[in-house]
Amino acid sequence: MSTDSPRHRVVVIGSGFGGLFATKALRRADVDVTLIDRTSHHLFQPLLYQVATGILSEGEIAPATREIVRRQKNVQVLLGTVEQISLDERTVTHSMLDKTTVTPYDSLIVAAGAGQSYFGNDQFAEFAPGMKTIDDALELRGRIFGAYEMAELESDPLALDAWLTFVVVGAGPTGVEMAGQIAELSRRTLKGNFRTFDPATTRVVLLDAAGSVLSMFGDKLSLHAQRDLESRGVEVQLDAKVVDVDAQGIVVEDAEGRRRIEARTKIWAAGVAASPLGRQIAEQSGAEVDRSGRVAVNPDLTVGTHPEVFVIGDMMSLDGLPGVSPVAIQGAKHAAKQIKARTKGKPTGQPFRYRDKGSMATISRFSAVASVGKLHLRGFIAWLAWLAVHLVYLTAFKSRVTALMHWAVSFVGRGRSERTSTWQQVSARTRLQRSEGELARAAAAAHAGSGRSEGAMPRASDAPQSIGGDPRRTAEPLPK
């Protein structure tokens, strides 16, 4: 792509479903596209739980963005974290390591997605990781399989029970799929793998503050999903609000009061928060944001009085549309169509029309629920429909082939080919967060004239302890 071209310049922020489909929709347009994202891959987020439970590898659901668009000559991919968007100057400032770049635009598509929300309790994240990124999935894989390794070493019955208890917070599609896979993992995949305990004694608890499982699927499918989960050994606890989380367990409040569940592995699948870029855009454009940080967009997906700026996917708030991939994909195509019309001098501003193609969620092997208009499917037929849809949406042909092979191994057989995990995967996120916090505090102290020793490097004691915060094992120091 020529960097000095006088053609219309389009900047796309984010390489998820919205960003990628917007970029591909502009492949024949007379524009130059710059795609900016903090990761170098396109993530098929609905299958993260399969990476976490050892079914798929990360490469199968996260192909390199550059490879996907390599034949699209009007696209340049830039790696970086977007720090500033200036609507007045029409620039995007992004950085990677010590390199800061300012990219100008004529049209802007913001599809930066959403992260995990802990509803104001961000301290829960240390002990209950979410599932929004490849890093999250790999950390959870290490925690899940690592818990069984620790259980093999345990002689105390109470401590053993804690290692074999898995709590999933959130009974939406992600939580249901994760709970179902852990239950299947314990009863099929790990059978005969351990000598001092039976993996089938694993306790899987699915919590939600709401009164139903998969509430967006309607009462009948919701009830079916709950009964199916329970038949597979999952304890479904509804109307239960999480009030505290620590390394050893989780505290829940329900109609009977507060109670504690001792569990070394907690997984957070409840709540999302839009990218902070949304508030930045809203402040400059005069648009409103909802409590999840999503920007209230115009009917054509633009913001305020800026017809050149589109906000799509998880970041937009319009007519109560959900933050799901079909909304992002259709919004991306609409934004691209508007930009193409603008470059040709044709009328723009047509409202976005979403076509609901339905919802699907797996419960476990050969079992799923699907709601497509008035059609409600469950069981094996719904699972086949889920399989077909997900194969279609996996971006690369190679990913489809290898995913199908791994599904055959895991669902027809009982193996999991991606069980490898490392201590670094489990501990890296917390180490980085603590190191960053330590450095920030040291810098503030130094500025105040009472800093620590030169360099203010983190102490070895700041490293997290064990797979679930086990005080008996000290983490290895970071390499120098």
# chains A, B, ... in the order shown; residues from 1 in each chain; ligands from 1
>>> closest_atom_pairs(of="region 319-354 of chain A", to="region 294-299 of chain A", cutoff="12 Å", atoms="only C-alpha atoms", output="JSON lines")
{"residue": "A:Asp319", "atom": "CA", "partner": "A:Pro299", "partner_atom": "CA", "distance": 8.9}
{"residue": "A:Gly320", "atom": "CA", "partner": "A:Ala296", "partner_atom": "CA", "distance": 10.3}
{"residue": "A:Leu321", "atom": "CA", "partner": "A:Arg294", "partner_atom": "CA", "distance": 11.2}
{"residue": "A:Pro322", "atom": "CA", "partner": "A:Arg294", "partner_atom": "CA", "distance": 11.1}
{"residue": "A:Gly323", "atom": "CA", "partner": "A:Arg294", "partner_atom": "CA", "distance": 9.8}
{"residue": "A:Gly331", "atom": "CA", "partner": "A:Pro299", "partner_atom": "CA", "distance": 10.9}
{"residue": "A:His334", "atom": "CA", "partner": "A:Pro299", "partner_atom": "CA", "distance": 11.0}
{"residue": "A:Ala335", "atom": "CA", "partner": "A:Pro299", "partner_atom": "CA", "distance": 11.3}
{"residue": "A:Thr348", "atom": "CA", "partner": "A:Pro299", "partner_atom": "CA", "distance": 11.6}
{"residue": "A:Gly349", "atom": "CA", "partner": "A:Pro299", "partner_atom": "CA", "distance": 8.0}
{"residue": "A:Gln350", "atom": "CA", "partner": "A:Pro299", "partner_atom": "CA", "distance": 7.7}
{"residue": "A:Pro351", "atom": "CA", "partner": "A:Pro299", "partner_atom": "CA", "distance": 4.7}
{"residue": "A:Phe352", "atom": "CA", "partner": "A:Pro299", "partner_atom": "CA", "distance": 6.0}
{"residue": "A:Arg353", "atom": "CA", "partner": "A:Pro299", "partner_atom": "CA", "distance": 8.8}
{"residue": "A:Tyr354", "atom": "CA", "partner": "A:Pro299", "partner_atom": "CA", "distance": 11.0}
>>> residues_around(residues="Ala137 (chain A)", least_positions_apart="2", cutoff="8 Å", atoms="only C-alpha atoms", output="list in words")
Leu48, Tyr49, Val51, Ala52, Met131, Lys132, Thr133, Ile134, Asp135, Glu139, Leu140 and Arg141 of chain A
>>> write_last_selection(atoms="C-alpha atoms", output="mmCIF file, in the first residue's frame")
data_model
loop_
_atom_site.group_PDB
_atom_site.id
_atom_site.type_symbol
_atom_site.label_atom_id
_atom_site.label_comp_id
_atom_site.auth_asym_id
_atom_site.auth_seq_id
_atom_site.Cartn_x
_atom_site.Cartn_y
_atom_site.Cartn_z
ATOM 1 C CA LEU A 48 -11.701 -19.442 23.797
ATOM 2 C CA TYR A 49 -13.207 -21.880 26.279
ATOM 3 C CA VAL A 51 -8.444 -23.441 24.261
ATOM 4 C CA ALA A 52 -8.813 -23.209 28.043
ATOM 5 C CA MET A 131 -11.937 -15.149 29.272
ATOM 6 C CA LYS A 132 -11.522 -12.438 26.658
ATOM 7 C CA THR A 133 -8.019 -13.005 25.261
ATOM 8 C CA ILE A 134 -5.612 -15.772 24.292
ATOM 9 C CA ASP A 135 -3.598 -14.945 27.423
ATOM 10 C CA GLU A 139 -3.805 -18.945 31.997
ATOM 11 C CA LEU A 140 -7.068 -20.780 32.652
ATOM 12 C CA ARG A 141 -5.748 -23.900 30.957
#
>>> closest_residue(among="A:Glu89, A:Asp290, A:Asp228, A:Glu253", to="Ala183 (chain A)", atoms="only C-alpha atoms")
A:Asp228
>>> residues_around(residues="region 414-421 of chain A", least_positions_apart="4", cutoff="8 Å", atoms="only C-alpha atoms", output="list in words")
Val51, Thr53, Gly54, Ile55, Leu56, Ser57, Leu138, Arg141, Gly142, Phe145, Arg188, Thr189, His406, Val409, Ser410 and Gln425 of chain A
>>> write_last_selection(atoms="C-alpha atoms", output="mmCIF file, in the first residue's frame")
data_model
loop_
_atom_site.group_PDB
_atom_site.id
_atom_site.type_symbol
_atom_site.label_atom_id
_atom_site.label_comp_id
_atom_site.auth_asym_id
_atom_site.auth_seq_id
_atom_site.Cartn_x
_atom_site.Cartn_y
_atom_site.Cartn_z
ATOM 1 C CA VAL A 51 -8.444 -23.441 24.261
ATOM 2 C CA THR A 53 -10.005 -26.806 28.304
ATOM 3 C CA GLY A 54 -7.419 -28.334 25.981
ATOM 4 C CA ILE A 55 -9.546 -29.044 22.899
ATOM 5 C CA LEU A 56 -8.055 -26.510 20.479
ATOM 6 C CA SER A 57 -4.728 -24.729 20.200
ATOM 7 C CA LEU A 138 -3.860 -20.088 28.377
ATOM 8 C CA ARG A 141 -5.748 -23.900 30.957
ATOM 9 C CA GLY A 142 -2.796 -23.850 33.327
ATOM 10 C CA PHE A 145 -5.019 -28.785 34.567
ATOM 11 C CA ARG A 188 -14.257 -38.584 30.421
ATOM 12 C CA THR A 189 -10.896 -37.128 29.449
ATOM 13 C CA HIS A 406 -9.409 -31.941 17.175
ATOM 14 C CA VAL A 409 -10.523 -36.514 18.890
ATOM 15 C CA SER A 410 -12.275 -34.775 21.779
ATOM 16 C CA GLN A 425 1.233 -18.941 31.604
#
>>> select_by_dssp(residues="region 353-446 of chain A", states="strand (DSSP E or B)", output="number ranges by chain")
A: 359-364, 367-372, 375-379
>>> closest_residue(among="A:Glu154, A:Asp246, A:Glu235, A:Asp314", to="Phe124 (chain A)", atoms="only C-alpha atoms")
A:Asp246
>>> closest_residue(among="A:Lys333, A:Lys346, A:His390, A:Arg431", to="Ala361 (chain A)", atoms="only C-alpha atoms")
A:His390
>>> closest_residue(among="A:Val389, A:Ala328, A:Ala159, A:Val167", to="Ala22 (chain A)", atoms="only C-alpha atoms")
A:Ala328
>>> select_by_dssp(residues="region 156-237 of chain A", states="alpha helix (DSSP H)", output="PyMOL selection string")
chain A and resi 157-163+173-184+219-231
>>> write_last_selection(atoms="C-alpha atoms", output="PDB file, in the first residue's frame")
ATOM      1  CA  PRO A 157      -9.181 -34.308  52.319  1.00  0.00           C
ATOM      2  CA  LEU A 158     -10.398 -30.711  52.736  1.00  0.00           C
ATOM      3  CA  ALA A 159      -7.542 -29.305  50.680  1.00  0.00           C
ATOM      4  CA  LEU A 160      -8.165 -31.994  48.056  1.00  0.00           C
ATOM      5  CA  ASP A 161     -11.814 -30.964  47.792  1.00  0.00           C
ATOM      6  CA  ALA A 162     -10.776 -27.338  47.258  1.00  0.00           C
ATOM      7  CA  TRP A 163      -8.442 -28.299  44.414  1.00  0.00           C
ATOM      8  CA  PRO A 173     -23.140 -18.887  26.841  1.00  0.00           C
ATOM      9  CA  THR A 174     -19.475 -18.593  27.910  1.00  0.00           C
ATOM     10  CA  GLY A 175     -20.131 -19.757  31.464  1.00  0.00           C
ATOM     11  CA  VAL A 176     -22.386 -22.615  30.396  1.00  0.00           C
ATOM     12  CA  GLU A 177     -19.903 -23.834  27.797  1.00  0.00           C
ATOM     13  CA  MET A 178     -17.004 -23.645  30.240  1.00  0.00           C
ATOM     14  CA  ALA A 179     -18.863 -25.439  33.038  1.00  0.00           C
ATOM     15  CA  GLY A 180     -19.993 -28.162  30.658  1.00  0.00           C
ATOM     16  CA  GLN A 181     -16.484 -28.737  29.330  1.00  0.00           C
ATOM     17  CA  ILE A 182     -14.894 -28.928  32.795  1.00  0.00           C
ATOM     18  CA  ALA A 183     -17.520 -31.493  33.796  1.00  0.00           C
ATOM     19  CA  GLU A 184     -16.800 -33.539  30.670  1.00  0.00           C
ATOM     20  CA  ASP A 219     -37.713 -20.268  29.175  1.00  0.00           C
ATOM     21  CA  LYS A 220     -37.906 -23.694  27.472  1.00  0.00           C
ATOM     22  CA  LEU A 221     -34.345 -23.794  26.174  1.00  0.00           C
ATOM     23  CA  SER A 222     -33.075 -22.215  29.387  1.00  0.00           C
ATOM     24  CA  LEU A 223     -34.698 -24.944  31.482  1.00  0.00           C
ATOM     25  CA  HIS A 224     -33.408 -27.631  29.115  1.00  0.00           C
ATOM     26  CA  ALA A 225     -29.868 -26.278  29.371  1.00  0.00           C
ATOM     27  CA  GLN A 226     -30.029 -26.223  33.175  1.00  0.00           C
ATOM     28  CA  ARG A 227     -31.312 -29.794  33.394  1.00  0.00           C
ATOM     29  CA  ASP A 228     -28.706 -30.970  30.900  1.00  0.00           C
ATOM     30  CA  LEU A 229     -25.907 -29.354  32.902  1.00  0.00           C
ATOM     31  CA  GLU A 230     -27.195 -30.882  36.131  1.00  0.00           C
ATOM     32  CA  SER A 231     -27.400 -34.329  34.532  1.00  0.00           C
TER      33      SER A 231
END
>>> residues_around(residues="region 59-70 of chain A", least_positions_apart="4", cutoff="7 Å", atoms="only C-alpha atoms", output="list in words")
Ser40, His41, His42, Leu43, Phe44, Leu47, Val77, Leu394, Ser399 and Ala403 of chain A
>>> residues_around(residues="Val236 (chain A)", least_positions_apart="6", cutoff="9 Å", atoms="only C-alpha atoms", output="compact mmCIF listing (two decimals) with C-alpha atoms, in the first residue's frame")
# COMPACT_ATOMS: atom_id res chain seq x y z
CA ALA A 171 -24.54 -18.50 33.33
CA VAL A 204 -18.30 -27.91 39.12
CA VAL A 205 -20.41 -24.98 40.33
CA LEU A 206 -22.10 -22.53 37.94
CA LEU A 207 -23.19 -19.30 39.64
CA ASP A 208 -25.33 -16.44 38.40
CA VAL A 213 -29.42 -20.14 32.70
CA GLN A 226 -30.03 -26.22 33.17
CA LEU A 229 -25.91 -29.35 32.90
CA GLU A 230 -27.19 -30.88 36.13
>>> residues_around(residues="Gln248 (chain A)", least_positions_apart="2", cutoff="7 Å", atoms="only C-alpha atoms", output="list in words")
Asp246, Glu262, Ala263 and Arg264 of chain A
>>> decode(residues="region 54-135 of chain A", atoms="C-alpha atoms", output="PDB file, in the first residue's frame")
ATOM      1  CA  GLY A  54      -7.419 -28.334  25.981  1.00  0.00           C
ATOM      2  CA  ILE A  55      -9.546 -29.044  22.899  1.00  0.00           C
ATOM      3  CA  LEU A  56      -8.055 -26.510  20.479  1.00  0.00           C
ATOM      4  CA  SER A  57      -4.728 -24.729  20.200  1.00  0.00           C
ATOM      5  CA  GLU A  58      -4.566 -20.949  20.247  1.00  0.00           C
ATOM      6  CA  GLY A  59      -3.402 -20.844  16.621  1.00  0.00           C
ATOM      7  CA  GLU A  60      -6.590 -22.519  15.426  1.00  0.00           C
ATOM      8  CA  ILE A  61      -8.796 -19.716  16.732  1.00  0.00           C
ATOM      9  CA  ALA A  62      -6.339 -16.838  16.325  1.00  0.00           C
ATOM     10  CA  PRO A  63      -4.715 -16.745  12.879  1.00  0.00           C
ATOM     11  CA  ALA A  64      -2.288 -13.931  12.087  1.00  0.00           C
ATOM     12  CA  THR A  65      -4.092 -10.827  10.829  1.00  0.00           C
ATOM     13  CA  ARG A  66      -1.394 -10.182   8.240  1.00  0.00           C
ATOM     14  CA  GLU A  67      -1.915 -13.635   6.764  1.00  0.00           C
ATOM     15  CA  ILE A  68      -5.659 -13.107   6.490  1.00  0.00           C
ATOM     16  CA  VAL A  69      -5.330  -9.821   4.565  1.00  0.00           C
ATOM     17  CA  ARG A  70      -2.087 -10.576   2.735  1.00  0.00           C
ATOM     18  CA  ARG A  71      -3.777 -10.483  -0.681  1.00  0.00           C
ATOM     19  CA  GLN A  72      -5.614  -7.242   0.046  1.00  0.00           C
ATOM     20  CA  LYS A  73      -3.137  -4.735  -1.329  1.00  0.00           C
ATOM     21  CA  ASN A  74      -4.889  -1.612  -0.012  1.00  0.00           C
ATOM     22  CA  VAL A  75      -4.356  -2.654   3.635  1.00  0.00           C
ATOM     23  CA  GLN A  76      -1.480  -1.953   6.014  1.00  0.00           C
ATOM     24  CA  VAL A  77      -1.510  -3.686   9.408  1.00  0.00           C
ATOM     25  CA  LEU A  78       0.103  -1.865  12.328  1.00  0.00           C
ATOM     26  CA  LEU A  79       0.752  -3.344  15.764  1.00  0.00           C
ATOM     27  CA  GLY A  80       0.104  -0.947  18.615  1.00  0.00           C
ATOM     28  CA  THR A  81      -2.108   0.125  21.480  1.00  0.00           C
ATOM     29  CA  VAL A  82      -4.301   3.103  20.605  1.00  0.00           C
ATOM     30  CA  GLU A  83      -3.833   5.766  23.254  1.00  0.00           C
ATOM     31  CA  GLN A  84      -5.480   8.832  21.770  1.00  0.00           C
ATOM     32  CA  ILE A  85      -8.100   9.593  19.138  1.00  0.00           C
ATOM     33  CA  SER A  86      -8.441  13.233  18.075  1.00  0.00           C
ATOM     34  CA  LEU A  87     -11.725  13.809  16.294  1.00  0.00           C
ATOM     35  CA  ASP A  88     -10.851  17.440  15.526  1.00  0.00           C
ATOM     36  CA  GLU A  89      -7.433  16.674  14.047  1.00  0.00           C
ATOM     37  CA  ARG A  90      -8.595  13.352  12.613  1.00  0.00           C
ATOM     38  CA  THR A  91      -5.633  11.400  13.942  1.00  0.00           C
ATOM     39  CA  VAL A  92      -5.066   8.186  15.884  1.00  0.00           C
ATOM     40  CA  THR A  93      -2.058   7.944  18.191  1.00  0.00           C
ATOM     41  CA  HIS A  94      -0.819   4.453  18.964  1.00  0.00           C
ATOM     42  CA  SER A  95       2.308   3.000  20.524  1.00  0.00           C
ATOM     43  CA  MET A  96       4.284  -0.218  20.729  1.00  0.00           C
ATOM     44  CA  LEU A  97       7.189  -0.439  23.178  1.00  0.00           C
ATOM     45  CA  ASP A  98       9.023   2.891  22.829  1.00  0.00           C
ATOM     46  CA  LYS A  99       7.649   3.689  19.371  1.00  0.00           C
ATOM     47  CA  THR A 100       4.728   6.140  19.080  1.00  0.00           C
ATOM     48  CA  THR A 101       2.951   6.631  15.752  1.00  0.00           C
ATOM     49  CA  VAL A 102       0.330   9.162  14.688  1.00  0.00           C
ATOM     50  CA  THR A 103      -1.880   7.988  11.818  1.00  0.00           C
ATOM     51  CA  PRO A 104      -4.226  10.442  10.055  1.00  0.00           C
ATOM     52  CA  TYR A 105      -7.593   9.402   8.681  1.00  0.00           C
ATOM     53  CA  ASP A 106     -10.452  10.610   6.513  1.00  0.00           C
ATOM     54  CA  SER A 107     -12.799   7.941   7.873  1.00  0.00           C
ATOM     55  CA  LEU A 108     -12.470   6.063  11.145  1.00  0.00           C
ATOM     56  CA  ILE A 109     -13.997   2.737  12.189  1.00  0.00           C
ATOM     57  CA  VAL A 110     -13.633   1.985  15.893  1.00  0.00           C
ATOM     58  CA  ALA A 111     -14.078  -1.698  16.682  1.00  0.00           C
ATOM     59  CA  ALA A 112     -11.860  -2.090  19.744  1.00  0.00           C
ATOM     60  CA  GLY A 113     -14.200  -4.559  21.416  1.00  0.00           C
ATOM     61  CA  ALA A 114     -14.764  -5.119  25.114  1.00  0.00           C
ATOM     62  CA  GLY A 115     -12.977  -6.545  28.116  1.00  0.00           C
ATOM     63  CA  GLN A 116     -14.118  -8.343  31.249  1.00  0.00           C
ATOM     64  CA  SER A 117     -16.162  -6.434  33.812  1.00  0.00           C
ATOM     65  CA  TYR A 118     -16.063  -7.272  37.505  1.00  0.00           C
ATOM     66  CA  PHE A 119     -18.793  -4.742  38.307  1.00  0.00           C
ATOM     67  CA  GLY A 120     -16.498  -2.457  40.269  1.00  0.00           C
ATOM     68  CA  ASN A 121     -14.610  -5.275  41.980  1.00  0.00           C
ATOM     69  CA  ASP A 122     -11.492  -5.416  39.850  1.00  0.00           C
ATOM     70  CA  GLN A 123      -9.579  -7.013  42.733  1.00  0.00           C
ATOM     71  CA  PHE A 124     -11.455 -10.247  41.911  1.00  0.00           C
ATOM     72  CA  ALA A 125      -9.473 -10.554  38.674  1.00  0.00           C
ATOM     73  CA  GLU A 126      -6.331 -11.796  40.423  1.00  0.00           C
ATOM     74  CA  PHE A 127      -8.124 -14.912  41.653  1.00  0.00           C
ATOM     75  CA  ALA A 128     -10.883 -15.322  39.036  1.00  0.00           C
ATOM     76  CA  PRO A 129      -9.514 -14.684  35.527  1.00  0.00           C
ATOM     77  CA  GLY A 130     -11.913 -13.728  32.775  1.00  0.00           C
ATOM     78  CA  MET A 131     -11.937 -15.149  29.272  1.00  0.00           C
ATOM     79  CA  LYS A 132     -11.522 -12.438  26.658  1.00  0.00           C
ATOM     80  CA  THR A 133      -8.019 -13.005  25.261  1.00  0.00           C
ATOM     81  CA  ILE A 134      -5.612 -15.772  24.292  1.00  0.00           C
ATOM     82  CA  ASP A 135      -3.598 -14.945  27.423  1.00  0.00           C
TER      83      ASP A 135
END
